[in-house]
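A.B. asks: One structure is given below, represented as structure tokens, and several questions about it will come after.
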Amino acid sequence: MKQNTYEKLNEPYQTKELAEVFDRSQARLCDVLMKLKKEGKITNYKAGSQTYWIRDDQNSVIISEV
């Protein structure tokens, strides 16, 4: 699941969206996401009250609505 999650993060996703894609709980996804973050493979961004996850090798910037 860790590899599948990493491959899916070629664009920003919220934990809730990933949980729906992989049919897993948000808590389980958070465990996987935190492991990937500790390995330095992904980054999380906050835009407003939302948290997004994306791979470090992607050049995306999240801009919240004004």
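Labels for the structure tokens follow display order: chains A, B, ..., residues from 1 in each chain, ligands from 1.
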Find the spatial neighbours of Lys16 in chain A, counting only C-alpha atoms, within a cut-off of 10 Å - ignore same-chain residues fewer than 4 positions away - and output them as JSON, numbers by chain.
C.D. replies: {"A": [20, 21, 24, 25, 26, 27, 29, 30, 51, 52]}
A.B. asks: Take the selection from the previous step and output its residues with N, CA, C and O atoms, as an mmCIF file, in the first residue's frame.
C.D. replies:
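As written to disk, selection23.cif reads:
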data_model
loop_
_atom_site.group_PDB
_atom_site.id
_atom_site.type_symbol
_atom_site.label_atom_id
_atom_site.label_comp_id
_atom_site.auth_asym_id
_atom_site.auth_seq_id
_atom_site.Cartn_x
_atom_site.Cartn_y
_atom_site.Cartn_z
ATOM 1 N N GLU A 20 -10.705 7.210 0.287
ATOM 2 C CA GLU A 20 -11.769 6.746 -0.603
ATOM 3 C C GLU A 20 -11.188 5.965 -1.788
ATOM 4 O O GLU A 20 -11.750 4.962 -2.198
ATOM 5 N N VAL A 21 -10.069 6.429 -2.334
ATOM 6 C CA VAL A 21 -9.448 5.762 -3.483
ATOM 7 C C VAL A 21 -9.008 4.347 -3.108
ATOM 8 O O VAL A 21 -9.237 3.390 -3.847
ATOM 9 N N ARG A 24 -9.659 2.510 2.450
ATOM 10 C CA ARG A 24 -9.052 2.316 3.766
ATOM 11 C C ARG A 24 -9.487 3.465 4.670
ATOM 12 O O ARG A 24 -9.974 4.492 4.204
ATOM 13 N N SER A 25 -9.266 3.315 5.965
ATOM 14 C CA SER A 25 -9.609 4.400 6.882
ATOM 15 C C SER A 25 -8.585 5.524 6.774
ATOM 16 O O SER A 25 -7.445 5.313 6.355
ATOM 17 N N GLN A 26 -9.006 6.716 7.175
ATOM 18 C CA GLN A 26 -8.101 7.852 7.157
ATOM 19 C C GLN A 26 -6.939 7.634 8.117
ATOM 20 O O GLN A 26 -5.811 8.039 7.839
ATOM 21 N N ALA A 27 -7.187 6.962 9.236
ATOM 22 C CA ALA A 27 -6.130 6.684 10.211
ATOM 23 C C ALA A 27 -5.052 5.790 9.596
ATOM 24 O O ALA A 27 -3.848 6.030 9.782
ATOM 25 N N LEU A 29 -4.344 5.491 6.384
ATOM 26 C CA LEU A 29 -3.634 6.291 5.389
ATOM 27 C C LEU A 29 -2.659 7.248 6.044
ATOM 28 O O LEU A 29 -1.559 7.469 5.542
ATOM 29 N N CYS A 30 -3.045 7.838 7.173
ATOM 30 C CA CYS A 30 -2.147 8.755 7.888
ATOM 31 C C CYS A 30 -0.878 8.041 8.319
ATOM 32 O O CYS A 30 0.215 8.617 8.253
ATOM 33 N N THR A 51 -5.450 20.035 4.422
ATOM 34 C CA THR A 51 -4.078 19.552 4.298
ATOM 35 C C THR A 51 -3.986 18.691 3.047
ATOM 36 O O THR A 51 -4.804 17.805 2.830
ATOM 37 N N TYR A 52 -2.975 18.962 2.228
ATOM 38 C CA TYR A 52 -2.754 18.226 0.988
ATOM 39 C C TYR A 52 -1.404 17.531 1.036
ATOM 40 O O TYR A 52 -0.449 18.063 1.598
#
A.B. asks: Write out as a PyMOL selection string the set of residues from chain A that DSSP, computed on the backbone, places in helix (DSSP H, G or I).
C.D. replies: chain A and resi 2-8+15-22+26-38
A.B. asks: Apply DSSP to the structure's backbone, then extract all residues of chain A labelled strand (DSSP E) and return them as a list in words.
C.D. replies: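 Strand (DSSP E) members of chain A, listed: Ile42, Thr43, Asn44, Tyr45, Lys46, Ala47, Gln50, Thr51, Tyr52, Trp53, Ile54 and Arg55 of chain A.
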A.B. asks: Atoms to include: all heavy atoms. Write the selected residues as a CSV table (one decimal), in the first residue's frame.
C.D. replies:
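Here's the written file selection23.csv:
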chain,number,residue,atom,x,y,z
A,42,ILE,N,7.6,12.5,0.5
A,42,ILE,CA,6.4,13.4,0.3
A,42,ILE,C,6.4,14.6,1.2
A,42,ILE,O,7.1,14.6,2.2
A,42,ILE,CB,5.1,12.6,0.5
A,42,ILE,CG1,4.9,12.1,1.9
A,42,ILE,CG2,5.0,11.4,-0.5
A,42,ILE,CD1,3.5,11.5,2.2
A,43,THR,N,5.6,15.5,0.9
A,43,THR,CA,5.4,16.8,1.7
A,43,THR,C,3.9,17.0,1.8
A,43,THR,O,3.1,16.7,1.0
A,43,THR,CB,6.1,17.9,0.9
A,43,THR,OG1,7.4,17.6,0.7
A,43,THR,CG2,6.0,19.2,1.8
A,44,ASN,N,3.6,17.7,3.0
A,44,ASN,CA,2.2,18.1,3.1
A,44,ASN,C,2.1,19.6,3.2
A,44,ASN,O,3.1,20.2,3.7
A,44,ASN,CB,1.6,17.4,4.4
A,44,ASN,CG,2.2,17.8,5.6
A,44,ASN,OD1,3.4,17.9,5.7
A,44,ASN,ND2,1.4,18.1,6.7
A,45,TYR,N,1.1,20.1,2.6
A,45,TYR,CA,0.8,21.6,2.6
A,45,TYR,C,-0.5,21.9,3.2
A,45,TYR,O,-1.5,21.1,3.0
A,45,TYR,CB,0.8,22.1,1.2
A,45,TYR,CG,2.2,22.0,0.5
A,45,TYR,CD1,2.4,20.9,-0.3
A,45,TYR,CD2,3.2,22.9,0.7
A,45,TYR,CE1,3.7,20.8,-1.0
A,45,TYR,CE2,4.4,22.8,0.1
A,45,TYR,CZ,4.6,21.7,-0.8
A,45,TYR,OH,5.8,21.6,-1.4
A,46,LYS,N,-0.6,23.0,3.9
A,46,LYS,CA,-1.9,23.4,4.4
A,46,LYS,C,-2.4,24.6,3.5
A,46,LYS,O,-1.7,25.5,3.3
A,46,LYS,CB,-1.8,23.8,5.8
A,46,LYS,CG,-1.7,22.6,6.7
A,46,LYS,CD,-1.9,23.0,8.2
A,46,LYS,CE,-3.3,22.9,8.5
A,46,LYS,NZ,-3.9,22.0,9.3
A,47,ALA,N,-3.6,24.5,3.0
A,47,ALA,CA,-4.2,25.6,2.3
A,47,ALA,C,-5.6,25.9,3.0
A,47,ALA,O,-6.5,25.1,2.9
A,47,ALA,CB,-4.4,25.3,0.8
A,50,GLN,N,-7.4,23.0,5.0
A,50,GLN,CA,-7.2,21.7,4.3
A,50,GLN,C,-5.8,21.3,4.2
A,50,GLN,O,-4.9,22.2,4.0
A,50,GLN,CB,-7.8,21.7,2.9
A,50,GLN,CG,-9.2,22.1,2.8
A,50,GLN,CD,-10.2,21.1,3.5
A,50,GLN,OE1,-10.0,19.9,3.4
A,50,GLN,NE2,-11.2,21.6,4.1
A,51,THR,N,-5.5,20.0,4.4
A,51,THR,CA,-4.1,19.6,4.3
A,51,THR,C,-4.0,18.7,3.0
A,51,THR,O,-4.8,17.8,2.8
A,51,THR,CB,-3.7,18.7,5.5
A,51,THR,OG1,-3.8,19.5,6.7
A,51,THR,CG2,-2.2,18.2,5.4
A,52,TYR,N,-3.0,19.0,2.2
A,52,TYR,CA,-2.8,18.2,1.0
A,52,TYR,C,-1.4,17.5,1.0
A,52,TYR,O,-0.4,18.1,1.6
A,52,TYR,CB,-2.8,19.2,-0.2
A,52,TYR,CG,-4.1,19.8,-0.4
A,52,TYR,CD1,-4.5,21.0,0.2
A,52,TYR,CD2,-5.1,19.2,-1.3
A,52,TYR,CE1,-5.7,21.6,0.0
A,52,TYR,CE2,-6.3,19.8,-1.5
A,52,TYR,CZ,-6.6,21.0,-0.9
A,52,TYR,OH,-7.8,21.5,-1.1
A,53,TRP,N,-1.3,16.4,0.4
A,53,TRP,CA,-0.1,15.6,0.4
A,53,TRP,C,0.3,15.5,-1.1
A,53,TRP,O,-0.5,15.3,-2.0
A,53,TRP,CB,-0.3,14.2,0.9
A,53,TRP,CG,-0.7,14.2,2.3
A,53,TRP,CD1,-2.0,14.2,2.8
A,53,TRP,CD2,0.1,14.1,3.5
A,53,TRP,NE1,-2.0,14.2,4.2
A,53,TRP,CE2,-0.7,14.1,4.6
A,53,TRP,CE3,1.5,14.0,3.6
A,53,TRP,CZ2,-0.1,14.0,5.9
A,53,TRP,CZ3,2.0,13.9,4.9
A,53,TRP,CH2,1.2,13.9,6.0
A,54,ILE,N,1.6,15.6,-1.3
A,54,ILE,CA,2.2,15.4,-2.7
A,54,ILE,C,3.6,14.9,-2.6
A,54,ILE,O,4.3,15.1,-1.6
A,54,ILE,CB,2.1,16.8,-3.5
A,54,ILE,CG1,2.3,16.6,-5.0
A,54,ILE,CG2,3.0,17.8,-2.9
A,54,ILE,CD1,1.9,17.7,-5.8
A,55,ARG,N,4.0,14.3,-3.7
A,55,ARG,CA,5.4,13.8,-3.8
A,55,ARG,C,6.4,15.0,-3.8
A,55,ARG,O,6.1,16.0,-4.4
A,55,ARG,CB,5.6,12.9,-5.0
A,55,ARG,CG,4.9,11.6,-4.9
A,55,ARG,CD,5.0,10.7,-6.0
A,55,ARG,NE,5.8,11.0,-7.1
A,55,ARG,CZ,5.8,10.3,-8.2
A,55,ARG,NH1,5.0,9.3,-8.4
A,55,ARG,NH2,6.7,10.6,-9.2
A.B. asks: What is the distance between CA of Glu11 in chain A and CA of Lys41 in chain A, in Å to one decimal?
C.D. replies: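 Computed distance, CA of Glu11 in chain A to CA of Lys41 in chain A, equals 13.6 Å.
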A.B. asks: Could you state the separation of CA of Lys37 in chain A and CA of Asn59 in chain A in Å, given to one decimal place?
C.D. replies: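 CA of Asn59 in chain A lies at a distance of 16.5 Å from CA of Lys37 in chain A.
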A.B. asks: Have a look at A:Leu18, A:Leu9, A:Met34, A:Met1 and name the one nearest to Asp57 in chain A; count only C-alpha atoms.
C.D. replies: A:Leu9
A.B. asks: So how many Å separate CA of Glu7 in chain A and CA of Gln58 in chain A, to one decimal?
C.D. replies: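 If I compute the distance from CA of Glu7 in chain A to CA of Gln58 in chain A, I get 11.3 Å.
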